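Colleague: I am sharing upload-v6.cif, which consists of mmCIF, C-alpha atoms and all ligand atoms:
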```cif
data_input
loop_
_atom_site.label_atom_id
_atom_site.label_comp_id
_atom_site.auth_asym_id
_atom_site.auth_seq_id
_atom_site.Cartn_x
_atom_site.Cartn_y
_atom_site.Cartn_z
CA MET A 1 -37.80 -20.81 -11.94
CA SER A 2 -41.00 -18.80 -11.61
CA GLY A 3 -40.15 -15.77 -9.45
CA ASN A 4 -39.14 -12.26 -10.42
CA ILE A 5 -36.17 -10.04 -9.68
CA ILE A 6 -36.63 -6.27 -9.65
CA ILE A 7 -33.32 -4.43 -9.63
CA LEU A 8 -32.90 -0.76 -8.72
CA SER A 9 -29.73 0.68 -10.15
CA GLY A 10 -28.22 4.04 -11.00
CA TYR A 11 -26.15 6.78 -9.44
CA SER A 12 -24.92 6.61 -5.90
CA ALA A 13 -27.25 8.63 -3.63
CA SER A 14 -30.03 8.63 -6.23
CA GLY A 15 -32.08 7.10 -3.41
CA LYS A 16 -32.23 3.36 -4.20
CA ASN A 17 -31.94 2.22 -0.59
CA THR A 18 -34.28 4.94 0.65
CA ILE A 19 -36.94 3.72 -1.80
CA ILE A 20 -36.46 0.04 -0.97
CA ASN A 21 -36.66 0.78 2.77
CA ALA A 22 -39.84 2.82 2.37
CA MET A 23 -41.69 0.32 0.19
CA ASP A 24 -44.52 -1.72 1.63
CA LYS A 25 -42.70 -5.03 1.18
CA LYS A 26 -45.27 -6.99 3.15
CA HIS A 27 -48.16 -5.77 1.01
CA PHE A 28 -46.35 -6.56 -2.23
CA ASP A 29 -44.88 -9.78 -0.82
CA LEU A 30 -41.34 -8.66 -1.67
CA VAL A 31 -38.15 -10.27 -0.50
CA TYR A 32 -34.92 -8.31 0.12
CA LEU A 33 -31.74 -10.41 0.09
CA PRO A 34 -28.54 -8.85 1.50
CA SER A 35 -25.45 -8.98 -0.68
CA VAL A 36 -21.93 -9.56 0.60
CA THR A 37 -19.52 -6.61 0.65
CA THR A 38 -16.06 -5.56 1.76
CA ARG A 39 -17.13 -1.92 2.26
CA LYS A 40 -16.99 -0.38 5.72
CA VAL A 41 -20.15 -0.40 7.82
CA ARG A 42 -21.90 3.00 7.74
CA LYS A 43 -23.66 4.68 10.64
CA GLY A 44 -27.06 3.05 11.11
CA GLU A 45 -25.98 -0.22 9.42
CA SER A 46 -25.22 -3.53 11.10
CA GLN A 47 -24.15 -7.06 10.17
CA GLY A 48 -26.75 -8.38 7.70
CA ASN A 49 -28.42 -4.99 7.30
CA PRO A 50 -28.20 -4.07 4.48
CA TYR A 51 -25.12 -6.23 3.74
CA THR A 52 -23.19 -9.17 5.03
CA PHE A 53 -19.94 -7.36 5.79
CA VAL A 54 -16.75 -9.39 5.25
CA THR A 55 -13.01 -8.84 4.86
CA GLU A 56 -11.44 -8.85 1.42
CA GLU A 57 -9.86 -12.21 2.21
CA GLU A 58 -13.24 -13.72 3.10
CA PHE A 59 -14.80 -12.23 -0.03
CA LEU A 60 -12.11 -13.65 -2.34
CA GLN A 61 -12.56 -17.05 -0.71
CA LYS A 62 -16.27 -16.92 -1.58
CA VAL A 63 -15.37 -15.99 -5.17
CA LYS A 64 -13.07 -19.00 -5.31
CA GLU A 65 -15.83 -21.24 -3.99
CA GLU A 66 -18.20 -19.85 -6.66
CA GLU A 67 -20.72 -18.64 -4.11
CA PHE A 68 -21.82 -15.59 -6.15
CA ILE A 69 -24.19 -15.17 -9.11
CA GLU A 70 -22.11 -12.13 -9.96
CA TYR A 71 -19.74 -9.79 -8.19
CA GLU A 72 -18.30 -6.36 -9.01
CA GLU A 73 -15.79 -3.91 -7.65
CA VAL A 74 -17.63 -0.61 -7.18
CA HIS A 75 -16.04 2.54 -5.69
CA GLY A 76 -13.08 0.42 -4.54
CA ASN A 77 -15.15 -2.19 -2.65
CA PHE A 78 -16.37 -5.64 -3.66
CA TYR A 79 -20.09 -6.52 -3.81
CA GLY A 80 -21.45 -10.00 -4.56
CA THR A 81 -24.86 -11.64 -4.81
CA PRO A 82 -25.09 -15.00 -3.04
CA LYS A 83 -26.31 -17.81 -5.31
CA ASP A 84 -28.09 -20.04 -2.82
CA THR A 85 -30.69 -17.58 -1.44
CA TYR A 86 -31.63 -16.20 -4.87
CA ARG A 87 -32.22 -19.62 -6.37
CA GLN A 88 -34.31 -20.71 -3.34
CA GLU A 89 -36.57 -17.65 -3.41
CA LEU A 90 -37.02 -17.73 -7.19
CA LYS A 91 -37.93 -21.39 -7.06
CA ALA A 92 -40.55 -20.53 -4.44
CA GLY A 93 -42.04 -18.01 -6.91
CA LYS A 94 -41.04 -14.95 -4.86
CA THR A 95 -40.42 -11.42 -6.12
CA ILE A 96 -37.00 -10.19 -5.03
CA ILE A 97 -36.13 -6.48 -4.85
CA LYS A 98 -32.50 -5.38 -4.61
CA ASP A 99 -30.18 -2.52 -5.54
CA ILE A 100 -27.28 -3.65 -7.74
CA ASP A 101 -24.70 -1.59 -9.63
CA VAL A 102 -25.23 -1.04 -13.39
CA ASN A 103 -22.77 -3.77 -14.47
CA GLY A 104 -24.24 -6.32 -12.08
CA ALA A 105 -27.78 -5.37 -13.15
CA ILE A 106 -27.01 -6.07 -16.82
CA HIS A 107 -25.22 -9.28 -15.84
CA PHE A 108 -28.37 -10.38 -13.95
CA LYS A 109 -30.48 -9.90 -17.07
CA GLU A 110 -28.07 -12.13 -18.99
CA VAL A 111 -28.31 -14.86 -16.34
CA PHE A 112 -32.04 -14.77 -15.53
CA GLY A 113 -33.52 -13.20 -18.72
CA ASP A 114 -37.16 -12.13 -18.56
CA ALA A 115 -37.38 -12.87 -14.83
CA VAL A 116 -35.36 -9.65 -14.35
CA THR A 117 -36.75 -6.10 -14.53
CA LEU A 118 -34.21 -3.27 -14.49
CA VAL A 119 -35.14 0.10 -12.97
CA PHE A 120 -32.81 3.10 -13.27
CA VAL A 121 -33.22 5.58 -10.39
CA GLN A 122 -32.13 9.23 -10.78
CA PRO A 123 -32.96 12.72 -9.52
CA SER A 124 -34.19 15.13 -12.22
CA ASP A 125 -31.18 17.34 -11.47
CA GLU A 126 -27.79 15.65 -11.04
CA ASP A 127 -26.63 18.48 -8.74
CA ALA A 128 -28.86 16.90 -6.08
CA LEU A 129 -26.47 13.90 -5.90
CA LYS A 130 -23.64 15.80 -4.19
CA GLU A 131 -26.04 17.32 -1.67
CA ARG A 132 -27.43 13.87 -0.85
CA LEU A 133 -23.96 12.34 -0.51
CA LEU A 134 -23.04 15.13 1.92
CA LYS A 135 -26.29 14.64 3.81
CA ARG A 136 -25.59 10.92 4.12
CA GLY A 137 -22.25 11.80 5.70
CA ASP A 138 -19.93 10.42 2.99
CA ASP A 139 -16.45 11.93 3.17
CA GLU A 140 -14.88 14.00 0.36
CA LYS A 141 -12.92 11.08 -1.14
CA ASP A 142 -16.01 8.82 -1.23
CA ILE A 143 -18.11 11.59 -2.76
CA LEU A 144 -15.63 12.20 -5.59
CA LEU A 145 -15.36 8.48 -6.36
CA ARG A 146 -19.16 8.20 -6.58
CA LEU A 147 -19.66 11.34 -8.72
CA LYS A 148 -16.90 10.19 -11.10
CA ARG A 149 -18.98 7.14 -12.02
CA VAL A 150 -22.13 9.10 -13.00
CA GLU A 151 -21.24 9.46 -16.73
CA TYR A 152 -20.45 5.74 -17.06
CA GLU A 153 -23.71 4.81 -15.33
CA LYS A 154 -25.64 7.19 -17.57
CA SER A 155 -24.14 5.55 -20.67
CA LEU A 156 -25.89 2.28 -19.74
CA LYS A 157 -29.30 3.79 -18.92
CA SER A 158 -30.82 2.82 -22.29
CA GLN A 159 -30.51 -0.85 -21.31
CA PHE A 160 -32.96 -0.40 -18.42
CA ASP A 161 -36.67 -1.26 -18.62
CA TYR A 162 -37.87 1.70 -16.51
CA VAL A 163 -36.53 5.06 -15.33
CA VAL A 164 -37.83 6.37 -12.00
CA VAL A 165 -37.18 9.99 -11.05
CA ASN A 166 -36.60 10.37 -7.32
CA ASP A 167 -37.20 14.00 -6.37
CA VAL A 168 -40.04 13.42 -3.94
CA ILE A 169 -39.47 10.16 -2.08
CA ALA A 170 -43.16 9.21 -1.75
CA GLU A 171 -43.67 9.63 -5.50
CA ALA A 172 -40.62 7.52 -6.37
CA VAL A 173 -41.80 4.82 -3.95
CA ARG A 174 -45.22 4.82 -5.62
CA ASP A 175 -43.60 4.58 -9.09
CA VAL A 176 -41.48 1.58 -8.08
CA GLU A 177 -44.51 -0.04 -6.45
CA ASN A 178 -46.35 0.41 -9.77
CA VAL A 179 -43.49 -1.37 -11.54
CA VAL A 180 -43.83 -4.22 -9.04
CA LYS A 181 -47.59 -4.43 -9.74
CA GLU A 182 -47.03 -4.49 -13.50
CA VAL A 183 -44.37 -7.19 -13.26
CA LYS A 184 -46.54 -9.36 -11.02
CA GLU A 185 -49.63 -8.96 -13.22
CA ARG A 186 -47.60 -9.80 -16.32
CA ASN A 187 -46.39 -13.03 -14.76
CA GLU A 188 -49.70 -14.18 -13.30
N1 LIG B 1 -22.86 -5.87 -8.68
C1 LIG B 1 -23.38 -5.71 -7.47
N2 LIG B 1 -23.59 -4.46 -7.00
C2 LIG B 1 -24.14 -4.34 -5.77
C3 LIG B 1 -24.51 -5.46 -4.97
N3 LIG B 1 -25.03 -5.01 -3.80
C4 LIG B 1 -24.99 -3.65 -3.88
N4 LIG B 1 -24.47 -3.25 -5.05
C5 LIG B 1 -24.26 -1.88 -5.57
O1 LIG B 1 -23.00 -1.40 -5.16
C6 LIG B 1 -23.00 0.03 -5.18
C7 LIG B 1 -22.42 0.57 -3.91
O2 LIG B 1 -23.34 0.41 -2.88
P1 LIG B 1 -23.23 1.13 -1.49
O3 LIG B 1 -22.01 0.69 -0.80
O4 LIG B 1 -24.50 0.93 -0.75
O5 LIG B 1 -22.93 2.61 -1.81
P2 LIG B 1 -23.73 3.77 -2.47
O6 LIG B 1 -23.95 3.48 -3.92
O7 LIG B 1 -22.81 4.89 -2.27
O8 LIG B 1 -25.02 3.87 -1.71
C8 LIG B 1 -24.45 0.43 -5.41
O9 LIG B 1 -24.62 0.76 -6.78
C9 LIG B 1 -25.21 -0.82 -5.05
O10 LIG B 1 -26.44 -0.88 -5.72
C10 LIG B 1 -24.25 -6.77 -5.51
O11 LIG B 1 -24.51 -7.80 -4.92
N5 LIG B 1 -23.69 -6.83 -6.75
N1 LIG B 2 -35.96 12.42 -2.89
C1 LIG B 2 -35.00 12.73 -2.01
N2 LIG B 2 -34.85 13.99 -1.60
C2 LIG B 2 -33.88 14.33 -0.71
N3 LIG B 2 -33.01 13.46 -0.14
C3 LIG B 2 -33.11 12.16 -0.53
C4 LIG B 2 -34.12 11.73 -1.47
N4 LIG B 2 -33.97 10.39 -1.64
C5 LIG B 2 -32.95 10.00 -0.86
N5 LIG B 2 -32.42 11.06 -0.19
C6 LIG B 2 -31.28 11.07 0.75
O1 LIG B 2 -30.10 10.93 -0.05
C7 LIG B 2 -29.12 10.13 0.61
C8 LIG B 2 -28.72 8.96 -0.29
O2 LIG B 2 -29.81 8.06 -0.42
P1 LIG B 2 -29.60 6.48 -0.51
O3 LIG B 2 -30.94 5.85 -0.45
O4 LIG B 2 -28.56 6.05 0.46
O5 LIG B 2 -29.02 6.36 -2.00
P2 LIG B 2 -28.45 5.09 -2.81
O6 LIG B 2 -28.95 3.88 -2.12
O7 LIG B 2 -29.04 5.26 -4.19
O8 LIG B 2 -26.97 5.26 -2.81
C9 LIG B 2 -29.74 9.71 1.94
O9 LIG B 2 -29.27 10.58 2.95
C10 LIG B 2 -31.24 9.89 1.71
O10 LIG B 2 -31.91 10.20 2.91
#
```
Translate the structure described by the file into structure tokens.
Modeller:
Amino acid sequence: MSGNIIILSGYSASGKNTIINAMDKKHFDLVYLPSVTTRKVRKGESQGNPYTFVTEEEFLQKVKEEEFIEYEEVHGNFYGTPKDTYRQELKAGKTIIKDIDVNGAIHFKEVFGDAVTLVFVQPSDEDALKERLLKRGDDEKDILLRLKRVEYEKSLKSQFDYVVVNDVIAEAVRDVENVVKEVKERNE
């Protein structure tokens, strides 16, 4: 397999999806592959964007049929990466960009080795996380669940290849684009 996988990981509301959405994917020839989840659809989301939304029963059936590279339960919902699309795109030499939770990110590195680059995204001040969760419209229960995981996520940060600080979106986007450039040049 000759492609690359660039994974953005880190705290909820650190801005992973905002960065991925704002990146010039066409220019960098990046592929985004939706994962499968049992979480509820948020405002502004739809089937396939940014997830394939399924019931828990459907998800567990896919687990049974070994359809996932990896899957995790995060904040009380299941998330899984479909095997078939990843293998196809990697074989075609593509660079895939995707946000994955910290456990899944480390699991990916174990499966795909040097083809995987791990990027940890964080604000310089953790107090910004609560404000961003509120701004996104998450309810109190969801916010608490997400903030509770911050210390655990931080404990795994040293296993990441890059740390990108997202205070100013345009700067964080540029930093992740620079990671993409470096990864592509390294593999040319
Ligand atoms: N392990 C794993 N994590 C995923 C996958 N897709 C998304 N995630 C992560 O699951 C977590 C929850 O995502 P999301 O529902 O968008 O909520 P948010 O973190 O509050 O924005 C985030 O850390 C995502 O990066 C996947 O396929 N596998
Ligand atoms: N640098 C930033 N400054 C202020 N708000 C931000 C910034 N980056 C993202 N946000 C906002 O924070 C919220 C969470 O961002 P999101 O991309 O959904 O995070 P994640 O995907 O990491 O959970 C969104 O409302 C988004 O618009």
Colleague: When you count all atoms listed in the file, which of these residues is closest to ligand LIG 2 (chain B): A:Ser9, A:Asn49, A:Gln61, A:Gln88?
Modeller: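 With all atoms listed in the file as the atom set, the closest residue is A:Ser9.
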Colleague: Would you list the contacts of region 124-135 of chain A as a list in words, taking every protein, DNA or RNA residue within 10 Å and counting only C-alpha atoms, but skipping same-chain residues closer than 3 positions in sequence?
Modeller: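 Counting only the stated atoms, we get Tyr11, Ser12, Ala13, Ser14, Gly15, Val121, Asp138, Asp139, Glu140, Asp142, Ile143, Leu144, Arg146, Leu147, Val150, Val164, Val165, Asn166 and Asp167 of chain A.
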Colleague: For each of A:Gly93, A:His27, A:Asp99, A:Lys148, take the minimum atom-to-atom distance to ligand LIG 2 (chain B), counting only C-alpha atoms and all ligand atoms, then give the residue where this is smallest.
Modeller: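 Counting only C-alpha atoms and all ligand atoms, the residue closest to ligand LIG 2 (chain B) is A:Asp99.
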Colleague: Anything within 12 Å of (-10.4, -8.3, 5.1): list those residues as a PDB file with C-alpha atoms, in the coordinates of the input, counting all atoms listed in the file and sticking to the file's coordinates.
Modeller:
```pdb
ATOM      1  CA  THR A  37     -19.520  -6.610   0.650  1.00  0.00           C
ATOM      2  CA  THR A  38     -16.060  -5.560   1.760  1.00  0.00           C
ATOM      3  CA  ARG A  39     -17.130  -1.920   2.260  1.00  0.00           C
ATOM      4  CA  LYS A  40     -16.990  -0.380   5.720  1.00  0.00           C
ATOM      5  CA  PHE A  53     -19.940  -7.360   5.790  1.00  0.00           C
ATOM      6  CA  VAL A  54     -16.750  -9.390   5.250  1.00  0.00           C
ATOM      7  CA  THR A  55     -13.010  -8.840   4.860  1.00  0.00           C
ATOM      8  CA  GLU A  56     -11.440  -8.850   1.420  1.00  0.00           C
ATOM      9  CA  GLU A  57      -9.860 -12.210   2.210  1.00  0.00           C
ATOM     10  CA  GLU A  58     -13.240 -13.720   3.100  1.00  0.00           C
ATOM     11  CA  PHE A  59     -14.800 -12.230  -0.030  1.00  0.00           C
ATOM     12  CA  LEU A  60     -12.110 -13.650  -2.340  1.00  0.00           C
ATOM     13  CA  GLN A  61     -12.560 -17.050  -0.710  1.00  0.00           C
ATOM     14  CA  ASN A  77     -15.150  -2.190  -2.650  1.00  0.00           C
ATOM     15  CA  PHE A  78     -16.370  -5.640  -3.660  1.00  0.00           C
TER      16      PHE A  78
END
```
Colleague: Quick one, how far is CA of Pro123 (chain A) from CA of Tyr51 (chain A)?
Modeller: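 Separation between CA of Pro123 (chain A) and CA of Tyr51 (chain A): 24.4 Å.
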Colleague: How many Å separate CA of Gln159 (chain A) from CA of Ile7 (chain A)?
Modeller: 12.5 Å
Colleague: Taking all atoms listed in the file into account, name the residue in A:Tyr86, A:Ile69, A:Gly137, A:Thr95 that is nearest to His107 (chain A).
Modeller: A:Ile69
Colleague: Can you build me a table of region 131-169 of chain A residues sitting at most 9 Å from region 110-118 of chain A, with the closest atom pair per residue and its distance in Å to one decimal, using only C-alpha atoms, sorted by chain and residue number, as a tab-separated table?
Modeller:
```
residue	atom	partner	partner_atom	distance
A:Gln159	CA	A:Leu118	CA	8.1
A:Phe160	CA	A:Leu118	CA	5.0
A:Asp161	CA	A:Leu118	CA	5.2
A:Tyr162	CA	A:Leu118	CA	6.5
A:Val163	CA	A:Leu118	CA	8.7
```
Colleague: Measure the distance from atom C5 of ligand LIG 1 (chain B) to CA of Asn187 (chain A) in Å and round it to one decimal.
Modeller: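 Distance reported for this atom pair: 26.4 Å.
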Colleague: Using all atoms listed in the file, pick whichever of A:Lys26, A:Arg136, A:Lys154, A:Lys83 has the shortest atom-to-atom distance to ligand LIG 2 (chain B).
Modeller: A:Arg136
Colleague: If you count all atoms listed in the file, which residues fall within 7 Å of Tyr79 (chain A), apart from same-chain ones fewer than 5 positions away, as an MDAnalysis selection string?
Modeller: chainID A and resid 35:38 71:73
Colleague: Name all residues at most 12 Å from Tyr152 (chain A) (count only C-alpha atoms; drop same-chain ones fewer than 6 positions away) and give them as JSON, numbers by chain.
Modeller: {"A": [10, 11, 101, 102, 103, 146, 158]}
Colleague: With all atoms listed in the file as the atoms that count, which of A:Lys181, A:Lys141, A:Ile169, A:Arg174 lies nearest to Gly76 (chain A)?
Modeller: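 Between A:Lys181, A:Lys141, A:Ile169, A:Arg174, the residue approaching Gly76 (chain A) most closely is A:Lys141.
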Colleague: May I ask which of the residues A:Asn178, A:Ser155, A:Ser2, A:Gln122 is the closest one to ligand LIG 2 (chain B), counting all atoms listed in the file?
Modeller: A:Gln122
Colleague: Put the listed atoms of ligand LIG 1 (chain B) in a box along x, y and z with 8 Å added on every side and give me the centre and edge lengths in Å to one decimal, as JSON.
Modeller:
```
{"center_x": -24.2, "center_y": -1.5, "center_z": -4.7, "size_x": 20.4, "size_y": 28.7, "size_z": 23.9}
```
Colleague: Quick one: everything within 9 Å of Phe68 (chain A), counting only C-alpha atoms, minus sequence neighbours fewer than 5 positions away in the same chain. Send it as a list in words.
Modeller: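 Counting only C-alpha atoms, the residues come to Lys62, Val63, Gly80, Thr81, Pro82, Lys83 and Asp84 of chain A.
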Colleague: With all heavy atoms as the goal, would you fill in the gaps in region 153-164 of chain A and present it as a CSV table (one decimal), in the frame of the given file?
Modeller:
```
chain,number,residue,atom,x,y,z
A,153,GLU,N,-22.4,5.4,-15.7
A,153,GLU,CA,-23.7,4.8,-15.3
A,153,GLU,C,-24.8,5.3,-16.3
A,153,GLU,O,-25.6,4.5,-16.8
A,153,GLU,CB,-24.1,5.1,-13.9
A,153,GLU,CG,-23.2,4.4,-12.9
A,153,GLU,CD,-23.1,4.9,-11.5
A,153,GLU,OE1,-23.3,6.1,-11.3
A,153,GLU,OE2,-22.9,4.1,-10.6
A,154,LYS,N,-24.7,6.6,-16.6
A,154,LYS,CA,-25.6,7.2,-17.6
A,154,LYS,C,-25.5,6.5,-18.9
A,154,LYS,O,-26.5,6.3,-19.6
A,154,LYS,CB,-25.3,8.7,-17.7
A,154,LYS,CG,-26.5,9.5,-18.3
A,154,LYS,CD,-26.1,10.9,-18.6
A,154,LYS,CE,-25.7,11.7,-17.3
A,154,LYS,NZ,-25.3,13.1,-17.7
A,155,SER,N,-24.3,6.1,-19.3
A,155,SER,CA,-24.1,5.6,-20.7
A,155,SER,C,-24.8,4.2,-20.8
A,155,SER,O,-25.0,3.7,-21.9
A,155,SER,CB,-22.6,5.4,-21.0
A,155,SER,OG,-22.1,4.3,-20.2
A,156,LEU,N,-25.2,3.6,-19.7
A,156,LEU,CA,-25.9,2.3,-19.7
A,156,LEU,C,-27.4,2.4,-19.5
A,156,LEU,O,-28.1,1.4,-19.6
A,156,LEU,CB,-25.2,1.3,-18.7
A,156,LEU,CG,-23.8,1.0,-19.0
A,156,LEU,CD1,-23.2,0.2,-17.8
A,156,LEU,CD2,-23.6,0.3,-20.3
A,157,LYS,N,-27.9,3.6,-19.3
A,157,LYS,CA,-29.3,3.8,-18.9
A,157,LYS,C,-30.3,3.2,-19.9
A,157,LYS,O,-31.3,2.7,-19.6
A,157,LYS,CB,-29.5,5.3,-18.7
A,157,LYS,CG,-30.8,5.7,-18.2
A,157,LYS,CD,-30.7,7.2,-17.8
A,157,LYS,CE,-31.9,8.0,-18.3
A,157,LYS,NZ,-31.8,9.4,-17.9
A,158,SER,N,-29.9,3.3,-21.2
A,158,SER,CA,-30.8,2.8,-22.3
A,158,SER,C,-31.1,1.3,-22.2
A,158,SER,O,-32.0,0.8,-22.8
A,158,SER,CB,-30.2,3.2,-23.7
A,158,SER,OG,-29.0,2.5,-23.8
A,159,GLN,N,-30.3,0.6,-21.4
A,159,GLN,CA,-30.5,-0.8,-21.3
A,159,GLN,C,-31.5,-1.2,-20.2
A,159,GLN,O,-31.8,-2.4,-20.0
A,159,GLN,CB,-29.2,-1.6,-21.0
A,159,GLN,CG,-28.2,-1.3,-22.2
A,159,GLN,CD,-27.0,-2.2,-22.0
A,159,GLN,OE1,-27.1,-3.4,-21.7
A,159,GLN,NE2,-25.8,-1.7,-22.2
A,160,PHE,N,-32.0,-0.2,-19.5
A,160,PHE,CA,-33.0,-0.4,-18.4
A,160,PHE,C,-34.4,-0.4,-18.9
A,160,PHE,O,-34.8,0.3,-19.9
A,160,PHE,CB,-32.7,0.6,-17.3
A,160,PHE,CG,-31.5,0.3,-16.5
A,160,PHE,CD1,-30.2,0.4,-17.1
A,160,PHE,CD2,-31.6,-0.2,-15.2
A,160,PHE,CE1,-29.1,0.0,-16.4
A,160,PHE,CE2,-30.4,-0.6,-14.5
A,160,PHE,CZ,-29.2,-0.5,-15.1
A,161,ASP,N,-35.3,-1.1,-18.2
A,161,ASP,CA,-36.7,-1.3,-18.6
A,161,ASP,C,-37.5,0.0,-18.2
A,161,ASP,O,-38.5,0.3,-18.8
A,161,ASP,CB,-37.3,-2.5,-18.0
A,161,ASP,CG,-36.5,-3.8,-18.4
A,161,ASP,OD1,-36.4,-4.0,-19.6
A,161,ASP,OD2,-36.0,-4.5,-17.5
A,162,TYR,N,-37.1,0.5,-17.0
A,162,TYR,CA,-37.9,1.7,-16.5
A,162,TYR,C,-36.9,2.7,-16.0
A,162,TYR,O,-35.8,2.4,-15.5
A,162,TYR,CB,-38.8,1.3,-15.3
A,162,TYR,CG,-39.9,0.4,-15.6
A,162,TYR,CD1,-39.7,-1.0,-15.6
A,162,TYR,CD2,-41.2,0.8,-15.9
A,162,TYR,CE1,-40.7,-1.9,-15.9
A,162,TYR,CE2,-42.2,0.0,-16.2
A,162,TYR,CZ,-42.0,-1.4,-16.1
A,162,TYR,OH,-43.0,-2.3,-16.4
A,163,VAL,N,-37.3,4.0,-16.0
A,163,VAL,CA,-36.5,5.1,-15.3
A,163,VAL,C,-37.5,5.7,-14.3
A,163,VAL,O,-38.6,6.0,-14.6
A,163,VAL,CB,-36.0,6.2,-16.3
A,163,VAL,CG1,-35.4,7.3,-15.6
A,163,VAL,CG2,-35.1,5.6,-17.4
A,164,VAL,N,-37.0,5.7,-13.1
A,164,VAL,CA,-37.8,6.4,-12.0
A,164,VAL,C,-37.1,7.6,-11.5
A,164,VAL,O,-35.9,7.5,-11.2
A,164,VAL,CB,-38.1,5.4,-10.8
A,164,VAL,CG1,-38.6,6.1,-9.6
A,164,VAL,CG2,-39.1,4.3,-11.3
```
